[in-house]
file entry.pdb (PDB, C-alpha atoms and all ligand atoms)
ATOM      1  CA  MET A   1     -26.392 -10.372  -0.784  1.00  0.00           C
ATOM      2  CA  ALA A   2     -24.870 -11.031   2.676  1.00  0.00           C
ATOM      3  CA  GLN A   3     -23.649 -14.434   1.455  1.00  0.00           C
ATOM      4  CA  GLU A   4     -22.132 -12.819  -1.632  1.00  0.00           C
ATOM      5  CA  GLU A   5     -20.381 -10.266   0.574  1.00  0.00           C
ATOM      6  CA  THR A   6     -18.957 -12.999   2.819  1.00  0.00           C
ATOM      7  CA  ARG A   7     -17.670 -14.840  -0.263  1.00  0.00           C
ATOM      8  CA  LEU A   8     -16.017 -11.708  -1.642  1.00  0.00           C
ATOM      9  CA  VAL A   9     -14.440 -10.880   1.715  1.00  0.00           C
ATOM     10  CA  ARG A  10     -13.106 -14.433   2.147  1.00  0.00           C
ATOM     11  CA  GLY A  11     -11.844 -14.476  -1.449  1.00  0.00           C
ATOM     12  CA  SER A  12     -10.082 -11.121  -0.950  1.00  0.00           C
ATOM     13  CA  VAL A  13      -8.446 -12.271   2.299  1.00  0.00           C
ATOM     14  CA  ALA A  14      -7.285 -15.509   0.611  1.00  0.00           C
ATOM     15  CA  LEU A  15      -5.948 -13.599  -2.409  1.00  0.00           C
ATOM     16  CA  ALA A  16      -4.176 -11.075  -0.173  1.00  0.00           C
ATOM     17  CA  ALA A  17      -2.622 -13.921   1.859  1.00  0.00           C
ATOM     18  CA  LEU A  18      -1.353 -15.517  -1.375  1.00  0.00           C
ATOM     19  CA  VAL A  19       0.051 -12.206  -2.634  1.00  0.00           C
ATOM     20  CA  PHE A  20       1.707 -11.583   0.750  1.00  0.00           C
ATOM     21  CA  LEU A  21       3.315 -15.035   0.794  1.00  0.00           C
ATOM     22  CA  GLY A  22       4.435 -14.499  -2.820  1.00  0.00           C
ATOM     23  CA  LEU A  23       6.013 -11.191  -1.795  1.00  0.00           C
ATOM     24  CA  LEU A  24       7.834 -12.828   1.117  1.00  0.00           C
ATOM     25  CA  TRP A  25       9.088 -15.522  -1.243  1.00  0.00           C
ATOM     26  CA  LEU A  26      10.333 -12.892  -3.738  1.00  0.00           C
ATOM     27  CA  LEU A  27      11.876 -10.902  -0.885  1.00  0.00           C
ATOM     28  CA  TYR A  28      13.881 -13.785   0.535  1.00  0.00           C
ATOM     29  CA  GLY A  29      14.217 -16.020  -2.536  1.00  0.00           C
ATOM     30  CA  PHE A  30      15.957 -13.582  -4.883  1.00  0.00           C
ATOM     31  CA  LYS A  31      18.812 -12.221  -2.775  1.00  0.00           C
ATOM     32  CA  GLY A  32      21.940 -11.234  -4.688  1.00  0.00           C
ATOM     33  CA  LEU A  33      20.197 -10.749  -8.045  1.00  0.00           C
ATOM     34  CA  LYS A  34      22.557  -9.312 -10.706  1.00  0.00           C
ATOM     35  CA  VAL A  35      21.293  -6.629 -13.113  1.00  0.00           C
ATOM     36  CA  ASP A  36      23.328  -4.464 -15.487  1.00  0.00           C
ATOM     37  CA  PHE A  37      21.936  -1.121 -14.432  1.00  0.00           C
ATOM     38  CA  ASP A  38      22.416   1.113 -11.404  1.00  0.00           C
ATOM     39  CA  VAL A  39      19.776   0.654  -8.684  1.00  0.00           C
ATOM     40  CA  THR A  40      21.071   3.311  -6.266  1.00  0.00           C
ATOM     41  CA  GLY A  41      18.345   5.761  -7.342  1.00  0.00           C
ATOM     42  CA  LEU A  42      15.508   3.326  -6.594  1.00  0.00           C
ATOM     43  CA  PRO A  43      14.991   4.214  -2.880  1.00  0.00           C
ATOM     44  CA  SER A  44      14.350   7.861  -3.854  1.00  0.00           C
ATOM     45  CA  LEU A  45      12.015   6.723  -6.632  1.00  0.00           C
ATOM     46  CA  ASN A  46      10.229   4.446  -4.154  1.00  0.00           C
ATOM     47  CA  ALA A  47       9.732   7.298  -1.677  1.00  0.00           C
ATOM     48  CA  GLY A  48       8.358   9.388  -4.558  1.00  0.00           C
ATOM     49  CA  LEU A  49       5.944   6.600  -5.523  1.00  0.00           C
ATOM     50  CA  ASN A  50       4.701   6.350  -1.922  1.00  0.00           C
ATOM     51  CA  ALA A  51       4.252  10.112  -1.776  1.00  0.00           C
ATOM     52  CA  ALA A  52       2.363  10.056  -5.113  1.00  0.00           C
ATOM     53  CA  SER A  53       0.128   7.269  -3.810  1.00  0.00           C
ATOM     54  CA  ALA A  54      -0.620   9.206  -0.588  1.00  0.00           C
ATOM     55  CA  THR A  55      -1.411  12.334  -2.643  1.00  0.00           C
ATOM     56  CA  CYS A  56      -3.831  10.432  -4.931  1.00  0.00           C
ATOM     57  CA  LEU A  57      -5.490   8.820  -1.901  1.00  0.00           C
ATOM     58  CA  GLY A  58      -5.996  12.240  -0.327  1.00  0.00           C
ATOM     59  CA  LEU A  59      -7.344  13.703  -3.585  1.00  0.00           C
ATOM     60  CA  GLY A  60      -9.575  10.626  -4.080  1.00  0.00           C
ATOM     61  CA  TYR A  61     -11.023  11.019  -0.600  1.00  0.00           C
ATOM     62  CA  TRP A  62     -11.584  14.727  -1.076  1.00  0.00           C
ATOM     63  CA  SER A  63     -13.252  13.998  -4.457  1.00  0.00           C
ATOM     64  CA  ILE A  64     -15.854  11.643  -2.964  1.00  0.00           C
ATOM     65  CA  ARG A  65     -16.497  14.010  -0.061  1.00  0.00           C
ATOM     66  CA  THR A  66     -17.279  16.745  -2.584  1.00  0.00           C
ATOM     67  CA  GLY A  67     -19.484  14.434  -4.676  1.00  0.00           C
ATOM     68  CA  HIS A  68     -17.153  13.748  -7.630  1.00  0.00           C
ATOM     69  CA  ARG A  69     -17.568   9.981  -8.098  1.00  0.00           C
ATOM     70  CA  ARG A  70     -15.689   9.532 -11.389  1.00  0.00           C
ATOM     71  CA  ARG A  71     -12.793  11.642 -10.167  1.00  0.00           C
ATOM     72  CA  HIS A  72     -12.768   9.652  -6.900  1.00  0.00           C
ATOM     73  CA  ALA A  73     -12.528   6.357  -8.800  1.00  0.00           C
ATOM     74  CA  ALA A  74      -9.780   7.724 -11.092  1.00  0.00           C
ATOM     75  CA  PHE A  75      -7.624   8.952  -8.184  1.00  0.00           C
ATOM     76  CA  MET A  76      -8.088   5.701  -6.247  1.00  0.00           C
ATOM     77  CA  VAL A  77      -7.163   3.533  -9.240  1.00  0.00           C
ATOM     78  CA  THR A  78      -4.120   5.783  -9.857  1.00  0.00           C
ATOM     79  CA  ALA A  79      -3.126   5.416  -6.186  1.00  0.00           C
ATOM     80  CA  MET A  80      -3.276   1.630  -6.660  1.00  0.00           C
ATOM     81  CA  GLY A  81      -1.033   1.955  -9.733  1.00  0.00           C
ATOM     82  CA  PHE A  82       1.575   3.962  -7.777  1.00  0.00           C
ATOM     83  CA  SER A  83       1.486   1.464  -4.887  1.00  0.00           C
ATOM     84  CA  ALA A  84       1.887  -1.479  -7.314  1.00  0.00           C
ATOM     85  CA  LEU A  85       4.844   0.270  -9.014  1.00  0.00           C
ATOM     86  CA  PHE A  86       6.366   0.943  -5.606  1.00  0.00           C
ATOM     87  CA  LEU A  87       6.078  -2.738  -4.707  1.00  0.00           C
ATOM     88  CA  ALA A  88       7.758  -3.872  -7.958  1.00  0.00           C
ATOM     89  CA  SER A  89      10.563  -1.333  -7.603  1.00  0.00           C
ATOM     90  CA  TYR A  90      11.032  -2.136  -3.890  1.00  0.00           C
ATOM     91  CA  LEU A  91      11.301  -5.867  -4.632  1.00  0.00           C
ATOM     92  CA  LEU A  92      13.852  -5.217  -7.403  1.00  0.00           C
ATOM     93  CA  TYR A  93      15.983  -2.968  -5.182  1.00  0.00           C
ATOM     94  CA  HIS A  94      15.841  -5.447  -2.322  1.00  0.00           C
ATOM     95  CA  ALA A  95      16.747  -8.382  -4.589  1.00  0.00           C
ATOM     96  CA  VAL A  96      19.828  -6.543  -5.929  1.00  0.00           C
ATOM     97  CA  HIS A  97      20.935  -4.590  -2.892  1.00  0.00           C
ATOM     98  CA  GLY A  98      19.710  -6.707   0.059  1.00  0.00           C
ATOM     99  CA  ASP A  99      18.644  -5.338   3.470  1.00  0.00           C
ATOM    100  CA  THR A 100      19.468  -1.764   4.453  1.00  0.00           C
ATOM    101  CA  PRO A 101      20.598  -1.768   8.103  1.00  0.00           C
ATOM    102  CA  PHE A 102      19.526   1.289  10.101  1.00  0.00           C
ATOM    103  CA  ALA A 103      22.620   3.230  11.225  1.00  0.00           C
ATOM    104  CA  GLY A 104      20.936   5.534  13.787  1.00  0.00           C
ATOM    105  CA  GLN A 105      21.224   4.993  17.556  1.00  0.00           C
ATOM    106  CA  GLY A 106      19.147   6.004  20.600  1.00  0.00           C
ATOM    107  CA  THR A 107      15.652   7.505  20.360  1.00  0.00           C
ATOM    108  CA  ILE A 108      15.686   7.720  16.565  1.00  0.00           C
ATOM    109  CA  ARG A 109      16.338   3.966  16.396  1.00  0.00           C
ATOM    110  CA  GLY A 110      13.278   3.222  18.556  1.00  0.00           C
ATOM    111  CA  LEU A 111      11.201   5.576  16.428  1.00  0.00           C
ATOM    112  CA  TYR A 112      12.473   3.977  13.196  1.00  0.00           C
ATOM    113  CA  PHE A 113      11.618   0.426  14.253  1.00  0.00           C
ATOM    114  CA  THR A 114       8.220   1.448  15.658  1.00  0.00           C
ATOM    115  CA  ILE A 115       7.356   3.031  12.322  1.00  0.00           C
ATOM    116  CA  LEU A 116       8.841   0.134  10.317  1.00  0.00           C
ATOM    117  CA  ILE A 117       6.980  -2.596  12.250  1.00  0.00           C
ATOM    118  CA  THR A 118       3.632  -0.755  12.234  1.00  0.00           C
ATOM    119  CA  HIS A 119       4.179  -0.006   8.510  1.00  0.00           C
ATOM    120  CA  ILE A 120       4.635  -3.737   7.744  1.00  0.00           C
ATOM    121  CA  ILE A 121       1.617  -4.770   9.857  1.00  0.00           C
ATOM    122  CA  ALA A 122      -0.558  -2.042   8.294  1.00  0.00           C
ATOM    123  CA  SER A 123       0.507  -3.096   4.773  1.00  0.00           C
ATOM    124  CA  ALA A 124      -0.632  -6.679   5.498  1.00  0.00           C
ATOM    125  CA  VAL A 125      -3.988  -5.327   6.733  1.00  0.00           C
ATOM    126  CA  ALA A 126      -4.343  -2.856   3.826  1.00  0.00           C
ATOM    127  CA  LEU A 127      -3.943  -5.480   1.108  1.00  0.00           C
ATOM    128  CA  PRO A 128      -7.171  -7.490   1.698  1.00  0.00           C
ATOM    129  CA  LEU A 129      -9.072  -4.292   2.528  1.00  0.00           C
ATOM    130  CA  VAL A 130      -8.084  -2.710  -0.801  1.00  0.00           C
ATOM    131  CA  PHE A 131      -9.159  -5.857  -2.678  1.00  0.00           C
ATOM    132  CA  ILE A 132     -12.516  -5.901  -0.864  1.00  0.00           C
ATOM    133  CA  VAL A 133     -13.106  -2.195  -1.486  1.00  0.00           C
ATOM    134  CA  VAL A 134     -12.173  -2.295  -5.192  1.00  0.00           C
ATOM    135  CA  LEU A 135     -14.166  -5.468  -5.865  1.00  0.00           C
ATOM    136  CA  HIS A 136     -17.294  -3.996  -4.312  1.00  0.00           C
ATOM    137  CA  ALA A 137     -16.810  -0.759  -6.249  1.00  0.00           C
ATOM    138  CA  ALA A 138     -16.403  -2.751  -9.499  1.00  0.00           C
ATOM    139  CA  LEU A 139     -19.643  -4.619  -8.708  1.00  0.00           C
ATOM    140  CA  ARG A 140     -21.323  -1.295  -7.924  1.00  0.00           C
ATOM    141  CA  ARG A 141     -22.141  -2.348  -4.367  1.00  0.00           C
ATOM    142  CA  PHE A 142     -21.360   1.079  -3.040  1.00  0.00           C
ATOM    143  CA  ALA A 143     -22.930   0.726   0.414  1.00  0.00           C
ATOM    144  CA  VAL A 144     -20.592  -2.202   1.205  1.00  0.00           C
ATOM    145  CA  HIS A 145     -17.733  -0.425  -0.592  1.00  0.00           C
ATOM    146  CA  ARG A 146     -18.183   2.567   1.674  1.00  0.00           C
ATOM    147  CA  ARG A 147     -18.330   0.428   4.845  1.00  0.00           C
ATOM    148  CA  TYR A 148     -14.937  -1.211   4.194  1.00  0.00           C
ATOM    149  CA  ALA A 149     -13.439   1.875   2.510  1.00  0.00           C
ATOM    150  CA  ARG A 150     -13.669   3.735   5.824  1.00  0.00           C
ATOM    151  CA  TYR A 151     -11.023   1.335   7.179  1.00  0.00           C
ATOM    152  CA  ALA A 152      -9.090   0.821   3.926  1.00  0.00           C
ATOM    153  CA  PHE A 153      -8.512   4.530   3.394  1.00  0.00           C
ATOM    154  CA  PRO A 154      -6.744   5.416   6.695  1.00  0.00           C
ATOM    155  CA  VAL A 155      -4.757   2.140   6.815  1.00  0.00           C
ATOM    156  CA  TRP A 156      -3.511   2.551   3.242  1.00  0.00           C
ATOM    157  CA  MET A 157      -2.743   6.226   3.855  1.00  0.00           C
ATOM    158  CA  TYR A 158      -0.721   5.226   6.940  1.00  0.00           C
ATOM    159  CA  VAL A 159       1.258   2.706   4.853  1.00  0.00           C
ATOM    160  CA  SER A 160       2.051   5.277   2.135  1.00  0.00           C
ATOM    161  CA  VAL A 161       2.996   8.095   4.519  1.00  0.00           C
ATOM    162  CA  THR A 162       5.143   5.880   6.762  1.00  0.00           C
ATOM    163  CA  GLY A 163       6.845   4.544   3.595  1.00  0.00           C
ATOM    164  CA  VAL A 164       8.122   8.082   2.962  1.00  0.00           C
ATOM    165  CA  MET A 165       9.044   8.523   6.659  1.00  0.00           C
ATOM    166  CA  ILE A 166      11.086   5.302   6.648  1.00  0.00           C
ATOM    167  CA  TYR A 167      13.048   6.574   3.638  1.00  0.00           C
ATOM    168  CA  ALA A 168      13.620   9.971   5.309  1.00  0.00           C
ATOM    169  CA  LEU A 169      14.764   8.337   8.584  1.00  0.00           C
ATOM    170  CA  LEU A 170      17.152   5.986   6.749  1.00  0.00           C
ATOM    171  CA  ARG A 171      18.639   8.933   4.844  1.00  0.00           C
ATOM    172  CA  SER A 172      18.913  11.180   7.903  1.00  0.00           C
ATOM    173  CA  ALA A 173      20.739   8.392   9.773  1.00  0.00           C
ATOM    174  CA  GLY A 174      23.161   8.004   6.834  1.00  0.00           C
ATOM    175  CA  SER A 175      22.081   4.394   6.135  1.00  0.00           C
TER     176      SER A 175
HETATM  177  C1  LIG B 201      -9.122   1.125  -3.113  1.00  0.00           C
HETATM  178  C2  LIG B 201      -9.633   2.177  -3.660  1.00  0.00           C
HETATM  179  C3  LIG B 201     -10.721   2.995  -3.025  1.00  0.00           C
HETATM  180  C4  LIG B 201     -10.799   3.527  -1.756  1.00  0.00           C
HETATM  181  C5  LIG B 201      -9.781   3.419  -0.628  1.00  0.00           C
HETATM  182  C6  LIG B 201     -12.063   4.229  -1.669  1.00  0.00           C
HETATM  183  C7  LIG B 201     -12.498   4.925  -0.570  1.00  0.00           C
HETATM  184  C8  LIG B 201     -13.771   5.415  -0.394  1.00  0.00           C
HETATM  185  C9  LIG B 201     -14.274   6.032   0.814  1.00  0.00           C
HETATM  186  C10 LIG B 201     -13.461   6.262   2.089  1.00  0.00           C
HETATM  187  C11 LIG B 201     -15.580   6.327   0.613  1.00  0.00           C
HETATM  188  C12 LIG B 201     -16.562   6.922   1.639  1.00  0.00           C
HETATM  189  C13 LIG B 201     -16.416   8.424   1.756  1.00  0.00           C
HETATM  190  C14 LIG B 201     -17.328   8.953   2.835  1.00  0.00           C
HETATM  191  O1  LIG B 201     -17.079   8.699   4.008  1.00  0.00           O
HETATM  192  O2  LIG B 201     -18.286   9.634   2.487  1.00  0.00           O
HETATM  193  C15 LIG B 201     -15.910   5.918  -0.729  1.00  0.00           C
HETATM  194  C16 LIG B 201     -17.146   6.069  -1.322  1.00  0.00           C
HETATM  195  C17 LIG B 201     -17.414   5.791  -2.642  1.00  0.00           C
HETATM  196  N1  LIG B 201     -16.549   5.228  -3.572  1.00  0.00           N
HETATM  197 FE1  LIG B 201     -14.662   4.669  -3.237  1.00  0.00          FE
HETATM  198  N2  LIG B 201     -12.728   4.095  -2.856  1.00  0.00           N
HETATM  199  C18 LIG B 201     -11.933   3.345  -3.719  1.00  0.00           C
HETATM  200  C19 LIG B 201     -12.218   2.996  -5.033  1.00  0.00           C
HETATM  201  C20 LIG B 201     -13.392   3.302  -5.691  1.00  0.00           C
HETATM  202  C21 LIG B 201     -13.681   2.979  -7.056  1.00  0.00           C
HETATM  203  C22 LIG B 201     -12.709   2.233  -8.006  1.00  0.00           C
HETATM  204  C23 LIG B 201     -14.930   3.447  -7.318  1.00  0.00           C
HETATM  205  C24 LIG B 201     -15.739   3.417  -8.582  1.00  0.00           C
HETATM  206  C25 LIG B 201     -15.812   2.435  -9.418  1.00  0.00           C
HETATM  207  C26 LIG B 201     -15.444   4.047  -6.119  1.00  0.00           C
HETATM  208  C27 LIG B 201     -16.674   4.625  -5.955  1.00  0.00           C
HETATM  209  C28 LIG B 201     -17.202   5.133  -4.778  1.00  0.00           C
HETATM  210  C29 LIG B 201     -18.559   5.661  -4.630  1.00  0.00           C
HETATM  211  C30 LIG B 201     -19.605   5.747  -5.712  1.00  0.00           C
HETATM  212  C31 LIG B 201     -18.680   6.067  -3.285  1.00  0.00           C
HETATM  213  C32 LIG B 201     -19.904   6.682  -2.613  1.00  0.00           C
HETATM  214  C33 LIG B 201     -20.695   5.595  -1.938  1.00  0.00           C
HETATM  215  C34 LIG B 201     -21.918   6.109  -1.257  1.00  0.00           C
HETATM  216  O3  LIG B 201     -22.337   7.221  -1.548  1.00  0.00           O
HETATM  217  O4  LIG B 201     -22.442   5.392  -0.411  1.00  0.00           O
HETATM  218  N3  LIG B 201     -14.482   3.947  -5.140  1.00  0.00           N
HETATM  219  N4  LIG B 201     -14.799   5.356  -1.325  1.00  0.00           N
END
call {"tool": "encode", "arguments": {"input": "entry.pdb", "output": "structure tokens"}}
result
Amino acid sequence: MAQEETRLVRGSVALAALVFLGLLWLLYGFKGLKVDFDVTGLPSLNAGLNAASATCLGLGYWSIRTGHRRRHAAFMVTAMGFSALFLASYLLYHAVHGDTPFAGQGTIRGLYFTILITHIIASAVALPLVFIVVLHAALRRFAVHRRYARYAFPVWMYVSVTGVMIYALLRSAGS
């Protein structure tokens, strides 16, 4: 059992590292992509997807705390769907539009970069944790699921909420 857990954890970390490298490659390898539709609405959509993911995470957590296991699983899987859609849409926008420089100055600039950097670090930490948690749930190893889920939940929530904050800060600074 402990050996199996170690294998699953190592496998999840390796898979997350591969996905992360793949994302970096997509992010920097597809600059200047041409598409024949307007992508200017994507940042708002992306913020909406992050907000939807955070809402499902909150509802999923509340569901398990009130003993609704099936509802918990449904909300968590939906949250994963919203986060995956966000990632696809974010990559597309970035490939077409490129980087969005932050226009704000002073305190707001410091706040923006603090949130942005912690958001990126937390997303790298969330990825393997989510894999570990979902795999253990799928294998019905709920004691282990619960142990890792206690870290996965707040880290993933932080990523989703700060995703919305980054959008709001960019907009408020006129970027
Ligand atoms: C990545 C997605 C998920 C996250 C972040 C997550 C998060 C959590 C958290 C934080 C707890 C512990 C709650 C507490 O402190 O009492 C928990 C428990 C639980 N989760 Fe999940 N969960 C996820 C996906 C799933 C899925 C897909 C299933 C079902 C197949 C599931 C089934 C359960 C069950 C049965 C428990 C209760 C375990 C026990 O009583 O020891 N979870 N989950």
call {"tool": "resolve_selection", "arguments": {"input": "entry.pdb", "expression": "the PyMOL selection byres (((chain A and resi 115) around 12) and not hetatm)", "output": "list in words"}}
result
Ile108, Arg109, Gly110, Leu111, Tyr112, Phe113, Thr114, Leu116, Ile117, Thr118, His119, Ile120, Ile121, Ala122, Ser123, Tyr158, Val159, Ser160, Val161, Thr162, Gly163, Val164, Met165, Ile166, Tyr167, Ala168, Leu169 and Leu170 of chain A
call {"tool": "resolve_selection", "arguments": {"input": "entry.pdb", "expression": "the PyMOL selection byres (((not hetatm)) within 9 of (chain B and resi 201))", "output": "JSON, numbers by chain"}}
result
{"A": [57, 60, 61, 62, 63, 64, 65, 66, 67, 68, 69, 70, 71, 72, 73, 74, 75, 76, 77, 79, 80, 129, 130, 131, 132, 133, 134, 135, 136, 137, 138, 139, 140, 141, 142, 143, 144, 145, 146, 147, 148, 149, 150, 151, 152, 153, 154, 156, 157]}
call {"tool": "closest_residue", "arguments": {"input": "entry.pdb", "among": "A:Gly81, A:Ser172, A:Leu87, A:Tyr93", "to": "Phe37 (chain A)", "atoms": "all atoms listed in the file"}}
result
A:Tyr93
call {"tool": "closest_residue", "arguments": {"input": "entry.pdb", "among": "A:Cys56, A:Gly41, A:Ala51, A:Pro101", "to": "Ser89 (chain A)", "atoms": "all atoms listed in the file"}}
result
A:Gly41
call {"tool": "atom_distance", "arguments": {"input": "entry.pdb", "atom1": "CA of Leu85 (chain A)", "atom2": "CA of Leu49 (chain A)"}}
result
7.3 Å
call {"tool": "resolve_selection", "arguments": {"input": "entry.pdb", "expression": "the PyMOL selection byres (((chain A and resi 20) around 12) and not hetatm)", "output": "PDB file with C-alpha atoms, in the coordinates of the input"}}
result
ATOM      1  CA  SER A  12     -10.082 -11.121  -0.950  1.00  0.00           C
ATOM      2  CA  VAL A  13      -8.446 -12.271   2.299  1.00  0.00           C
ATOM      3  CA  ALA A  14      -7.285 -15.509   0.611  1.00  0.00           C
ATOM      4  CA  LEU A  15      -5.948 -13.599  -2.409  1.00  0.00           C
ATOM      5  CA  ALA A  16      -4.176 -11.075  -0.173  1.00  0.00           C
ATOM      6  CA  ALA A  17      -2.622 -13.921   1.859  1.00  0.00           C
ATOM      7  CA  LEU A  18      -1.353 -15.517  -1.375  1.00  0.00           C
ATOM      8  CA  VAL A  19       0.051 -12.206  -2.634  1.00  0.00           C
ATOM      9  CA  LEU A  21       3.315 -15.035   0.794  1.00  0.00           C
ATOM     10  CA  GLY A  22       4.435 -14.499  -2.820  1.00  0.00           C
ATOM     11  CA  LEU A  23       6.013 -11.191  -1.795  1.00  0.00           C
ATOM     12  CA  LEU A  24       7.834 -12.828   1.117  1.00  0.00           C
ATOM     13  CA  TRP A  25       9.088 -15.522  -1.243  1.00  0.00           C
ATOM     14  CA  LEU A  26      10.333 -12.892  -3.738  1.00  0.00           C
ATOM     15  CA  LEU A  27      11.876 -10.902  -0.885  1.00  0.00           C
ATOM     16  CA  LEU A  87       6.078  -2.738  -4.707  1.00  0.00           C
ATOM     17  CA  ILE A 120       4.635  -3.737   7.744  1.00  0.00           C
ATOM     18  CA  ILE A 121       1.617  -4.770   9.857  1.00  0.00           C
ATOM     19  CA  SER A 123       0.507  -3.096   4.773  1.00  0.00           C
ATOM     20  CA  ALA A 124      -0.632  -6.679   5.498  1.00  0.00           C
ATOM     21  CA  VAL A 125      -3.988  -5.327   6.733  1.00  0.00           C
ATOM     22  CA  ALA A 126      -4.343  -2.856   3.826  1.00  0.00           C
ATOM     23  CA  LEU A 127      -3.943  -5.480   1.108  1.00  0.00           C
ATOM     24  CA  PRO A 128      -7.171  -7.490   1.698  1.00  0.00           C
TER      25      PRO A 128
END
call {"tool": "atom_distance", "arguments": {"input": "entry.pdb", "atom1": "CA of Asn50 (chain A)", "atom2": "CA of Val155 (chain A)"}}
result
13.5 Å
call {"tool": "atom_distance", "arguments": {"input": "entry.pdb", "atom1": "CA of Gly29 (chain A)", "atom2": "CA of Ala84 (chain A)"}}
result
19.7 Å
call {"tool": "closest_residue", "arguments": {"input": "entry.pdb", "among": "A:Gly58, A:Leu91, A:Ala173, A:Glu5", "to": "Ala103 (chain A)", "atoms": "only C-alpha atoms"}}
result
A:Ala173
call {"tool": "build_atoms", "arguments": {"input": "entry.pdb", "residues": "region 128-147 of chain A", "atoms": "N, CA and C atoms", "output": "PDB file, in the frame of the given file"}}
result
ATOM      1  N   PRO A 128      -5.827  -6.929   1.892  1.00  0.00           N
ATOM      2  CA  PRO A 128      -7.171  -7.490   1.698  1.00  0.00           C
ATOM      3  C   PRO A 128      -8.249  -6.410   1.676  1.00  0.00           C
ATOM      4  N   LEU A 129      -8.062  -5.357   2.493  1.00  0.00           N
ATOM      5  CA  LEU A 129      -9.072  -4.292   2.528  1.00  0.00           C
ATOM      6  C   LEU A 129      -9.193  -3.609   1.168  1.00  0.00           C
ATOM      7  N   VAL A 130      -8.051  -3.365   0.516  1.00  0.00           N
ATOM      8  CA  VAL A 130      -8.084  -2.710  -0.801  1.00  0.00           C
ATOM      9  C   VAL A 130      -8.776  -3.622  -1.816  1.00  0.00           C
ATOM     10  N   PHE A 131      -8.481  -4.917  -1.764  1.00  0.00           N
ATOM     11  CA  PHE A 131      -9.159  -5.857  -2.678  1.00  0.00           C
ATOM     12  C   PHE A 131     -10.668  -5.822  -2.456  1.00  0.00           C
ATOM     13  N   ILE A 132     -11.083  -5.888  -1.197  1.00  0.00           N
ATOM     14  CA  ILE A 132     -12.516  -5.901  -0.864  1.00  0.00           C
ATOM     15  C   ILE A 132     -13.190  -4.631  -1.392  1.00  0.00           C
ATOM     16  N   VAL A 133     -12.533  -3.495  -1.118  1.00  0.00           N
ATOM     17  CA  VAL A 133     -13.106  -2.195  -1.486  1.00  0.00           C
ATOM     18  C   VAL A 133     -13.222  -2.050  -3.011  1.00  0.00           C
ATOM     19  N   VAL A 134     -12.160  -2.444  -3.729  1.00  0.00           N
ATOM     20  CA  VAL A 134     -12.173  -2.295  -5.192  1.00  0.00           C
ATOM     21  C   VAL A 134     -13.176  -3.262  -5.825  1.00  0.00           C
ATOM     22  N   LEU A 135     -13.214  -4.491  -5.319  1.00  0.00           N
ATOM     23  CA  LEU A 135     -14.166  -5.468  -5.865  1.00  0.00           C
ATOM     24  C   LEU A 135     -15.607  -4.984  -5.714  1.00  0.00           C
ATOM     25  N   HIS A 136     -15.924  -4.466  -4.524  1.00  0.00           N
ATOM     26  CA  HIS A 136     -17.294  -3.996  -4.312  1.00  0.00           C
ATOM     27  C   HIS A 136     -17.603  -2.768  -5.153  1.00  0.00           C
ATOM     28  N   ALA A 137     -16.586  -1.933  -5.374  1.00  0.00           N
ATOM     29  CA  ALA A 137     -16.810  -0.759  -6.249  1.00  0.00           C
ATOM     30  C   ALA A 137     -17.071  -1.250  -7.674  1.00  0.00           C
ATOM     31  N   ALA A 138     -16.252  -2.239  -8.128  1.00  0.00           N
ATOM     32  CA  ALA A 138     -16.403  -2.751  -9.499  1.00  0.00           C
ATOM     33  C   ALA A 138     -17.782  -3.384  -9.697  1.00  0.00           C
ATOM     34  N   LEU A 139     -18.318  -3.989  -8.620  1.00  0.00           N
ATOM     35  CA  LEU A 139     -19.643  -4.619  -8.708  1.00  0.00           C
ATOM     36  C   LEU A 139     -20.768  -3.633  -8.400  1.00  0.00           C
ATOM     37  N   ARG A 140     -20.380  -2.385  -8.206  1.00  0.00           N
ATOM     38  CA  ARG A 140     -21.323  -1.295  -7.924  1.00  0.00           C
ATOM     39  C   ARG A 140     -22.114  -1.516  -6.636  1.00  0.00           C
ATOM     40  N   ARG A 141     -21.497  -2.193  -5.687  1.00  0.00           N
ATOM     41  CA  ARG A 141     -22.141  -2.348  -4.367  1.00  0.00           C
ATOM     42  C   ARG A 141     -21.551  -1.268  -3.464  1.00  0.00           C
ATOM     43  N   PHE A 142     -22.028  -0.056  -3.658  1.00  0.00           N
ATOM     44  CA  PHE A 142     -21.360   1.079  -3.040  1.00  0.00           C
ATOM     45  C   PHE A 142     -21.587   1.195  -1.534  1.00  0.00           C
ATOM     46  N   ALA A 143     -22.704   0.653  -1.036  1.00  0.00           N
ATOM     47  CA  ALA A 143     -22.930   0.726   0.414  1.00  0.00           C
ATOM     48  C   ALA A 143     -21.874  -0.114   1.142  1.00  0.00           C
ATOM     49  N   VAL A 144     -21.608  -1.327   0.598  1.00  0.00           N
ATOM     50  CA  VAL A 144     -20.592  -2.202   1.205  1.00  0.00           C
ATOM     51  C   VAL A 144     -19.203  -1.596   0.969  1.00  0.00           C
ATOM     52  N   HIS A 145     -19.001  -1.079  -0.255  1.00  0.00           N
ATOM     53  CA  HIS A 145     -17.733  -0.425  -0.592  1.00  0.00           C
ATOM     54  C   HIS A 145     -17.406   0.636   0.459  1.00  0.00           C
ATOM     55  N   ARG A 146     -18.373   1.460   0.745  1.00  0.00           N
ATOM     56  CA  ARG A 146     -18.183   2.567   1.674  1.00  0.00           C
ATOM     57  C   ARG A 146     -17.839   2.059   3.085  1.00  0.00           C
ATOM     58  N   ARG A 147     -18.532   0.988   3.494  1.00  0.00           N
ATOM     59  CA  ARG A 147     -18.330   0.428   4.845  1.00  0.00           C
ATOM     60  C   ARG A 147     -16.873  -0.011   5.045  1.00  0.00           C
TER      61      ARG A 147
END
